[in-house]
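S.K.: Could you have a look at this structure, given as C-alpha cells, before my questions?
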Amino acid sequence: MRIKYTFFILLLYITILSAEEKMPNQTTVMNTPNYIVDQFADVQILRYEVPGFEDLSLQEKKLIYFLSEASLKGRDILFDQNFKHNLLIRNTLEAIYTSYDLKRRNTKDFKAFEVYLKRVLFSNGIHHHYGMEKFKPEFSTSFLVEAIAMTPTDKLPLKEGEIKNNLINTLLSVMFDSSVAAKRVNQAEGEDLILTSANNYYDGVNQVEVEAFYDKMRDPKDATPLSYGLNSRLVKNEKGEVFEEIYKLGGKYSEQIQQIIYWLSKAEGVAENSTQKKIISSLIEFYETGDLKTFDEYSILWVKDDKSKIDFLNGFIETYGDPLGMKASWEAIVNFKNDEATKRTDIISENAQWFEDHSPINPLFRKKKVKGVSAKVITVAMLGGDCYPYTPIGINLPNANWIRQQYGSKSVTIENVTDAYEKASQGNGFNEEFIYGEEEIARKLKYGSITSNLHTDLHECLGHGSGQMLPGVSQEELKAYGATIEEARADLFALYYMGDEKLVDLGLLPTNNAYKAEYYSYMMNGLMTQLVRINPGDNIEESHMRNRQMIAKWVYKKGQKDTIVELVNKDGKTFVKVNDYKALRTLFGQLLSEVQRVKSEGDYEGAKSLVENYAVKVDAKLHTEVLERYKKLNLAPYKGFVNPLYIPIYNDKQEIVDIEIRYTDGFIDQHLRYDKH
C-alpha cells in the first residue's frame with residue numbers, strides 16, 4: 001500500500017542525450033536540483049535532489065546504478081497494462097514529435113499536440129492517472145492525419161506490410177471517440193467493472209467470469225494464500241476457454257523482463273550483504289518462473305531485511321489499476337536510508353505495540369503481538385513504472401495480510417520527494433485563498449511540514465500494519481471497495497494518534513496543539529480542495545480520493561449537531577472551520593473502529609455503505625466554486641518528476657571507477673531517451 005496524495009496534503013504546508021541533442025520546444029535546464037522543469041494541463045514537473053549520493057562508496061553507487069537501470073526496463077509493461085493501444089499511441093506521437101517540421105511548430109494544433117503527448121507520457125497512457133477518464137485531444141483529427149502522413153514510414157510503429165491508413169483509423173477511434181475506452185478503471189456501482197474498464201488486465205471476459213475463475217482457486221482454510229492473479233492477464237480464447245497469460249521470462253512481457261533480470265543480476269554481484277543478495281536472487285527467480293509462491297518467499301526475505309542501507313522495489317505490486325483489486329501494475333523504486341530522519345520512524349517502530357494496544361477498535365481485531373514493524377525515511381534515487389513520473393510519498397509493504405501478520409511489514413517515507421513538493425509550493429497563494437483564518441495559516445506554517453511527514457510515517461508504518469482479520473476472512477472480501485477501506489483505515493489510524501499526547505511525550509511533536517495543523521489540512525482537503533482533481537459533473541473514482549472524502553464527510557456529518565466542523569461562508573467564499581479539535585479526534589476514533597470492523601470481518605455491505613454514501617458523490621455547487629477559485633491561482637493540482645541521470649565513469653580497463661549524478665533532463669527529453677535506450 002502506498003500514499004499517493006502527494007501534492008495536496010503537502011501543498012497545505014507548503015539515461016543519454018546531451019544538451020545539444022534536446023528536441024525543439026524543450027527547456028534546457030541547469031544541473032541543479034529542485035528546478036521546476038515544465039507545466040502543462042493540470043501538471044507541474046519537478047526534479048528531486050538525491051542528497052548524500054556523492055558520499056556513498058563505489059560499491060553502493062554501482063548498486064544504485066544497476067538497480068536504477070532495472071527500474072527503467074519495465075516502462076513499456078506499464079503502458080501496455082494501462083491500455084492495449086497505449087504503446088502504439090505513444091510511439092506514434094513520439095515519431096511525429098521528433099520528425100515534425102521545425103517551421104510549423106508554432107501552430108495552435110502542434111502546441112495542443114505537444115501538450116497531449118506530455119499528458120500521455122505523464123499518465124503512462126491516454127487515461128488520466130488519477131481521474132481515470134480518457135484525455136480529450138485539443139488538436140484536430142485532420143492535424144493527426146496530416147502529421148502521420150508526413151512522418152517517415154520507418155519511424156512509425158507499423159507492422160510489416162501495414163499501411164498508414166490502418167494506423168490512422170485505429171488512432172482516430174481510440175483517441176477521439178469518447179465512447180471507446182472511456183475509463184481506465186471504472187468503479188461505478190451496478191456496472192460490470194471489467195467490461196467498462198479500459199485497462200489491459202483482461203480480454204474477452206466479464207466480471208462474473210473473472211470472479212468465478214479466481215474463486216475456484218481460493219481455499220478459505222488456507223492460512224498462507226497466494227495473491228492469485230497478481231502477475232497475469234486473464235483472457236478468453238476463441239474456444240471460450242478462460243486462462244492466464246503469466247508475466248514471466250518466456251511468457252507475457254518476456255522481452256522487458258529479460259532486460260530487468262540482466263540488470264538485477266549485475267546488482268546481485270555488488271549487493272551489500274548476503275541477505276540482500278538472496279533477496280535479489282529470489283526476485284530474479286520469480287521473474288524467471290512467474291511463481292507466486294516464489295514471490296511470497298521474496299517478500300518475506302525483503303520485509304525481514306532491516307540492515308541494508310540501499311533498498312528497492314521492482315515488480316508487480318500494487319493493484320489500484322484493477323477495479324477488483326487483484327492484478328498488479330509494474331513499478332520500481334531505488335532508494336537509500338536517510339539515517340538522521342529515520343530516528344523519527346525508529347521511535348514509532350519501537351512503540352508499535354503501545355499504539356496497537358491503545359487503538360480505539362474492538363480488542364478482538366487488535367494484534368496481540370505486533371511483529372516485524374520496521375520503518376525508515378529514505379532518499380529516493382530512481383523512480384520507475386507506476387511510481388514515475390508521479391510518485392507516492394510513503395509505502396508500506398508487503399500487501400499480503402498473512403505475511404504482515406507473521407513477518408511484519410516495512411514502511412518508508414520518501415523525504416527528498418516531500419522536500420521537493422514543499423519547495424515548489426512556497427508563496428503560491430493557496431493558503432490565503434482556501435484556509436479559513438490567520439490562526440490556521442500560522443499554525444500550518446509553523447507545524448504543517450512536521451505533521452505532514454508524521455502523518456505519512458504513522459499511515460505507512462503503523463496504519464497499514466495494524467489490526468488483524470478474523471480467521472477465514474480473505475483480503476478480497478471487500479472487492480472493489482477494498483482499496484478505499486484499507487487506505488481509510490491507515491489514514492484514520494494516523495489521524496487518531498496525531499492528536500494523542502503520547503506523540504509529544506515521545507518527542508515526535510513539539511506541542512500538544514501541533515496536531516491541529518494536520519487535522520485542519522485533512523478536513524479542508526477531503527471536503528473541498530481535492531475536488532480540483534476531477535472534472536465538473538464527475539464522481540470520485542480514485543481510491544485515495546474516495547478515502548479522504550469518506551473520512552472528511554463522515555466526521556463532518558456526524559459532528560453537525562455539535563458544529564464540530566462547519567462549512568462557513570466568508571466574503572462570498574466557502575471555508576472549512578474546525579470548532580472542536582478534541583471532539584474531531586473522537587470522531588476519527590469512532591470511524592476507525594467501524595472501518596477496522598468492516599476490514600476484519602470482510603463486511604462487503606458495510607464497506608459498500610461507507611463508500612457509496614460518503615466517498616463517491618460530489619457537491620456540484622461547491623465543486624464549481626473550488627474550481628473557479630483554484631483556477632485564478634494558476635496552479636497545477638498534480639506534480640511529477642524527472643529522474644536524475646547516472647553516468648558511469650570507466651578507466652582504461654573498462655571498469656567502473658565512479659558514478660556521476662546529473663540533473664539535466666527535460667521532461668520529453670527523458671522519455672525519448674528511455675525509449676531509445
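Each chain in the C-alpha cells gets a letter, A, B, ..., in the order shown, and its residues are numbered from 1; ligands are numbered from 1 in order too.
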Tell me, as a PyMOL selection string, which residues lie within 12 Å of region 369-371 of chain A, counting only C-alpha atoms; anything in the same chain fewer than 4 positions away does not count.

M.R.: chain A and resi 303-304+349-357+365+402-410+461-462+465-468

S.K.: Keeping only N, CA, C and O atoms, write the selected residues as a compact mmCIF listing (two decimals), in the first residue's frame.

M.R.:
# COMPACT_ATOMS: atom_id res chain seq x y z
N VAL A 303 11.03 -8.16 3.57
CA VAL A 303 10.50 -7.46 4.74
C VAL A 303 11.38 -7.69 5.97
O VAL A 303 11.42 -6.87 6.89
N LYS A 304 12.11 -8.80 6.00
CA LYS A 304 12.97 -9.10 7.15
C LYS A 304 14.31 -8.38 7.08
O LYS A 304 15.04 -8.34 8.08
N SER A 349 8.41 2.78 15.43
CA SER A 349 8.50 1.32 15.36
C SER A 349 8.69 0.70 16.73
O SER A 349 8.09 -0.33 17.07
N GLU A 350 9.52 1.32 17.55
CA GLU A 350 9.81 0.79 18.88
C GLU A 350 8.58 0.81 19.78
O GLU A 350 8.49 0.04 20.74
N ASN A 351 7.63 1.67 19.48
CA ASN A 351 6.42 1.79 20.30
C ASN A 351 5.19 1.21 19.60
O ASN A 351 4.05 1.50 19.99
N ALA A 352 5.40 0.39 18.60
CA ALA A 352 4.29 -0.15 17.81
C ALA A 352 3.28 -0.89 18.67
O ALA A 352 2.07 -0.79 18.46
N GLN A 353 3.76 -1.67 19.65
CA GLN A 353 2.84 -2.44 20.48
C GLN A 353 1.95 -1.52 21.32
O GLN A 353 0.76 -1.80 21.52
N TRP A 354 2.51 -0.41 21.80
CA TRP A 354 1.71 0.54 22.59
C TRP A 354 0.57 1.09 21.73
O TRP A 354 -0.58 1.16 22.18
N PHE A 355 0.89 1.50 20.51
CA PHE A 355 -0.14 2.04 19.62
C PHE A 355 -1.23 1.00 19.35
O PHE A 355 -2.42 1.31 19.36
N GLU A 356 -0.82 -0.24 19.09
CA GLU A 356 -1.79 -1.29 18.83
C GLU A 356 -2.69 -1.53 20.04
O GLU A 356 -3.91 -1.67 19.91
N ASP A 357 -2.10 -1.59 21.22
CA ASP A 357 -2.85 -1.87 22.45
C ASP A 357 -3.84 -0.77 22.79
O ASP A 357 -4.86 -1.03 23.46
N PHE A 365 -10.02 -7.31 17.26
CA PHE A 365 -9.36 -7.00 16.00
C PHE A 365 -7.94 -6.49 16.18
O PHE A 365 -7.26 -6.16 15.21
N TRP A 402 -1.34 -12.18 5.37
CA TRP A 402 -0.75 -13.23 6.19
C TRP A 402 0.74 -13.00 6.41
O TRP A 402 1.27 -13.34 7.48
N ILE A 403 1.42 -12.41 5.43
CA ILE A 403 2.84 -12.09 5.62
C ILE A 403 2.98 -10.96 6.64
O ILE A 403 3.87 -10.99 7.50
N ARG A 404 2.08 -10.00 6.58
CA ARG A 404 2.11 -8.92 7.57
C ARG A 404 1.96 -9.46 8.99
O ARG A 404 2.64 -9.05 9.92
N GLN A 405 1.01 -10.38 9.15
CA GLN A 405 0.72 -10.91 10.48
C GLN A 405 1.85 -11.77 11.01
O GLN A 405 2.18 -11.73 12.19
N GLN A 406 2.47 -12.57 10.13
CA GLN A 406 3.51 -13.49 10.58
C GLN A 406 4.91 -12.89 10.58
O GLN A 406 5.74 -13.26 11.42
N TYR A 407 5.17 -11.97 9.64
CA TYR A 407 6.54 -11.47 9.50
C TYR A 407 6.65 -9.95 9.64
O TYR A 407 7.76 -9.43 9.74
N GLY A 408 5.52 -9.26 9.63
CA GLY A 408 5.55 -7.82 9.77
C GLY A 408 5.52 -7.10 8.44
O GLY A 408 5.21 -7.67 7.40
N SER A 409 5.84 -5.82 8.47
CA SER A 409 5.81 -5.00 7.27
C SER A 409 6.94 -3.99 7.32
O SER A 409 7.50 -3.71 8.38
N LYS A 410 7.26 -3.45 6.17
CA LYS A 410 8.31 -2.45 6.06
C LYS A 410 7.70 -1.18 5.49
O LYS A 410 6.99 -1.22 4.49
N CYS A 461 3.80 3.14 8.50
CA CYS A 461 4.47 2.27 9.46
C CYS A 461 3.50 1.49 10.32
O CYS A 461 3.64 0.27 10.49
N LEU A 462 2.49 2.16 10.86
CA LEU A 462 1.57 1.51 11.81
C LEU A 462 0.17 1.32 11.25
O LEU A 462 -0.47 0.31 11.53
N GLY A 465 -0.09 -1.60 8.96
CA GLY A 465 0.36 -2.80 9.66
C GLY A 465 -0.45 -3.13 10.90
O GLY A 465 -0.19 -4.13 11.58
N SER A 466 -1.45 -2.32 11.22
CA SER A 466 -2.22 -2.52 12.44
C SER A 466 -3.39 -3.46 12.22
O SER A 466 -3.78 -3.75 11.10
N GLY A 467 -3.97 -3.92 13.34
CA GLY A 467 -5.19 -4.72 13.28
C GLY A 467 -4.97 -6.08 12.67
O GLY A 467 -3.89 -6.42 12.18
N GLN A 468 -6.01 -6.90 12.74
CA GLN A 468 -5.95 -8.23 12.14
C GLN A 468 -7.33 -8.64 11.65
O GLN A 468 -8.35 -8.18 12.14

S.K.: Can you check which residues of region 178-228 of chain A DSSP gives as helix (DSSP H, G or I) on the backbone and send them as a list in words?

M.R.: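 Filtering region 178-228 of chain A to helix (DSSP H, G or I) leaves Gln207, Val208, Glu209, Val210, Glu211, Ala212, Phe213, Tyr214, Asp215, Lys216 and Met217 of chain A.
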
S.K.: Export all heavy atoms of the chosen residues as an mmCIF file, in the first residue's frame?

M.R.:
data_model
loop_
_atom_site.group_PDB
_atom_site.id
_atom_site.type_symbol
_atom_site.label_atom_id
_atom_site.label_comp_id
_atom_site.auth_asym_id
_atom_site.auth_seq_id
_atom_site.Cartn_x
_atom_site.Cartn_y
_atom_site.Cartn_z
ATOM 1 N N GLN A 207 -17.061 -9.558 -15.553
ATOM 2 C CA GLN A 207 -16.788 -9.571 -14.123
ATOM 3 C C GLN A 207 -17.193 -10.889 -13.468
ATOM 4 O O GLN A 207 -16.474 -11.418 -12.617
ATOM 5 C CB GLN A 207 -17.506 -8.405 -13.438
ATOM 6 C CG GLN A 207 -17.188 -8.270 -11.952
ATOM 7 C CD GLN A 207 -17.788 -7.010 -11.342
ATOM 8 O OE1 GLN A 207 -18.200 -6.101 -12.053
ATOM 9 N NE2 GLN A 207 -17.840 -6.957 -10.028
ATOM 10 N N VAL A 208 -18.331 -11.437 -13.855
ATOM 11 C CA VAL A 208 -18.788 -12.712 -13.286
ATOM 12 C C VAL A 208 -17.780 -13.815 -13.582
ATOM 13 O O VAL A 208 -17.439 -14.622 -12.708
ATOM 14 C CB VAL A 208 -20.179 -13.078 -13.832
ATOM 15 C CG1 VAL A 208 -20.569 -14.490 -13.397
ATOM 16 C CG2 VAL A 208 -21.222 -12.076 -13.350
ATOM 17 N N GLU A 209 -17.275 -13.840 -14.808
ATOM 18 C CA GLU A 209 -16.300 -14.868 -15.187
ATOM 19 C C GLU A 209 -14.984 -14.705 -14.435
ATOM 20 O O GLU A 209 -14.366 -15.700 -14.032
ATOM 21 C CB GLU A 209 -16.056 -14.811 -16.699
ATOM 22 C CG GLU A 209 -17.260 -15.256 -17.532
ATOM 23 C CD GLU A 209 -17.081 -14.975 -19.003
ATOM 24 O OE1 GLU A 209 -16.520 -13.915 -19.348
ATOM 25 O OE2 GLU A 209 -17.514 -15.815 -19.815
ATOM 26 N N VAL A 210 -14.561 -13.469 -14.251
ATOM 27 C CA VAL A 210 -13.311 -13.214 -13.518
ATOM 28 C C VAL A 210 -13.438 -13.687 -12.074
ATOM 29 O O VAL A 210 -12.567 -14.405 -11.554
ATOM 30 C CB VAL A 210 -12.946 -11.717 -13.560
ATOM 31 C CG1 VAL A 210 -11.765 -11.436 -12.632
ATOM 32 C CG2 VAL A 210 -12.622 -11.282 -14.981
ATOM 33 N N GLU A 211 -14.523 -13.277 -11.411
ATOM 34 C CA GLU A 211 -14.699 -13.647 -10.011
ATOM 35 C C GLU A 211 -14.842 -15.160 -9.855
ATOM 36 O O GLU A 211 -14.292 -15.750 -8.910
ATOM 37 C CB GLU A 211 -15.905 -12.906 -9.440
ATOM 38 C CG GLU A 211 -15.672 -11.398 -9.322
ATOM 39 C CD GLU A 211 -16.908 -10.641 -8.869
ATOM 40 O OE1 GLU A 211 -18.017 -11.233 -8.887
ATOM 41 O OE2 GLU A 211 -16.770 -9.455 -8.501
ATOM 42 N N ALA A 212 -15.526 -15.805 -10.779
ATOM 43 C CA ALA A 212 -15.685 -17.259 -10.713
ATOM 44 C C ALA A 212 -14.345 -17.964 -10.919
ATOM 45 O O ALA A 212 -14.041 -18.960 -10.242
ATOM 46 C CB ALA A 212 -16.687 -17.726 -11.767
ATOM 47 N N PHE A 213 -13.527 -17.450 -11.835
ATOM 48 C CA PHE A 213 -12.226 -18.059 -12.131
ATOM 49 C C PHE A 213 -11.342 -18.082 -10.889
ATOM 50 O O PHE A 213 -10.734 -19.102 -10.559
ATOM 51 C CB PHE A 213 -11.548 -17.281 -13.263
ATOM 52 C CG PHE A 213 -10.220 -17.844 -13.695
ATOM 53 C CD1 PHE A 213 -10.153 -18.819 -14.671
ATOM 54 C CD2 PHE A 213 -9.039 -17.388 -13.113
ATOM 55 C CE1 PHE A 213 -8.924 -19.336 -15.071
ATOM 56 C CE2 PHE A 213 -7.813 -17.891 -13.501
ATOM 57 C CZ PHE A 213 -7.758 -18.873 -14.487
ATOM 58 N N TYR A 214 -11.286 -16.946 -10.189
ATOM 59 C CA TYR A 214 -10.389 -16.870 -9.035
ATOM 60 C C TYR A 214 -11.010 -17.443 -7.765
ATOM 61 O O TYR A 214 -10.296 -17.900 -6.880
ATOM 62 C CB TYR A 214 -9.918 -15.423 -8.833
ATOM 63 C CG TYR A 214 -8.938 -15.015 -9.913
ATOM 64 C CD1 TYR A 214 -9.295 -14.108 -10.913
ATOM 65 C CD2 TYR A 214 -7.665 -15.571 -9.957
ATOM 66 C CE1 TYR A 214 -8.411 -13.762 -11.916
ATOM 67 C CE2 TYR A 214 -6.765 -15.232 -10.954
ATOM 68 C CZ TYR A 214 -7.141 -14.336 -11.934
ATOM 69 O OH TYR A 214 -6.258 -14.011 -12.933
ATOM 70 N N ASP A 215 -12.332 -17.448 -7.671
ATOM 71 C CA ASP A 215 -12.979 -18.088 -6.517
ATOM 72 C C ASP A 215 -12.660 -19.576 -6.474
ATOM 73 O O ASP A 215 -12.527 -20.166 -5.390
ATOM 74 C CB ASP A 215 -14.496 -17.880 -6.568
ATOM 75 C CG ASP A 215 -14.902 -16.469 -6.156
ATOM 76 O OD1 ASP A 215 -14.066 -15.760 -5.570
ATOM 77 O OD2 ASP A 215 -16.054 -16.073 -6.438
ATOM 78 N N LYS A 216 -12.526 -20.196 -7.638
ATOM 79 C CA LYS A 216 -12.202 -21.628 -7.687
ATOM 80 C C LYS A 216 -10.797 -21.905 -7.151
ATOM 81 O O LYS A 216 -10.524 -22.989 -6.652
ATOM 82 C CB LYS A 216 -12.315 -22.138 -9.122
ATOM 83 C CG LYS A 216 -13.741 -22.219 -9.650
ATOM 84 C CD LYS A 216 -13.755 -22.719 -11.088
ATOM 85 C CE LYS A 216 -15.173 -22.753 -11.638
ATOM 86 N NZ LYS A 216 -15.187 -23.201 -13.063
ATOM 87 N N MET A 217 -9.923 -20.926 -7.271
ATOM 88 C CA MET A 217 -8.534 -21.106 -6.835
ATOM 89 C C MET A 217 -8.379 -20.988 -5.325
ATOM 90 O O MET A 217 -7.500 -21.619 -4.730
ATOM 91 C CB MET A 217 -7.633 -20.051 -7.495
ATOM 92 C CG MET A 217 -7.426 -20.225 -8.982
ATOM 93 S SD MET A 217 -6.237 -18.990 -9.577
ATOM 94 C CE MET A 217 -5.997 -19.559 -11.271
#

S.K.: Grab the CA of Asp177 (chain A) to CA of Lys134 (chain A) distance for me, in Å with one decimal place.

M.R.: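 Answer for the CA of Asp177 (chain A) to CA of Lys134 (chain A) separation: 9.8 Å.
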
S.K.: Show which residues sit within 12 Å of region 498-512 of chain A, as a ChimeraX atom specification. Count only C-alpha atoms, and ignore same-chain residues fewer than 4 positions away.

M.R.: /A:341-351,354-355,358-360,443,446-459,463,491-494,516-520,522,581-589

S.K.: Let me make sure I understand: among A:His671, A:Ile45, A:Ile649, A:Met528, which one has the smallest atom-to-atom distance to Asp619 (chain A) if we use only C-alpha atoms?

M.R.: A:Met528

S.K.: I'd like to know which residues of region 402-504 of chain A are strand (DSSP E or B) (by DSSP, run on the backbone); could you write them as a list of chain:residue names?

M.R.: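 The strand (DSSP E or B) residues within region 402-504 of chain A come out as A:Ser409, A:Lys410, A:Ser411, A:Val412, A:Thr413, A:Ile414.
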
S.K.: Those residues with C-alpha atoms, as a PDB file, in the first residue's frame please?

M.R.:
ATOM      1  CA  SER A 409       5.814  -5.001   7.267  1.00  0.00           C
ATOM      2  CA  LYS A 410       8.311  -2.450   6.058  1.00  0.00           C
ATOM      3  CA  SER A 411       7.403   1.215   5.736  1.00  0.00           C
ATOM      4  CA  VAL A 412       9.168   4.125   4.109  1.00  0.00           C
ATOM      5  CA  THR A 413       8.633   7.865   3.939  1.00  0.00           C
ATOM      6  CA  ILE A 414      10.249   9.471   0.873  1.00  0.00           C
TER       7      ILE A 414
END
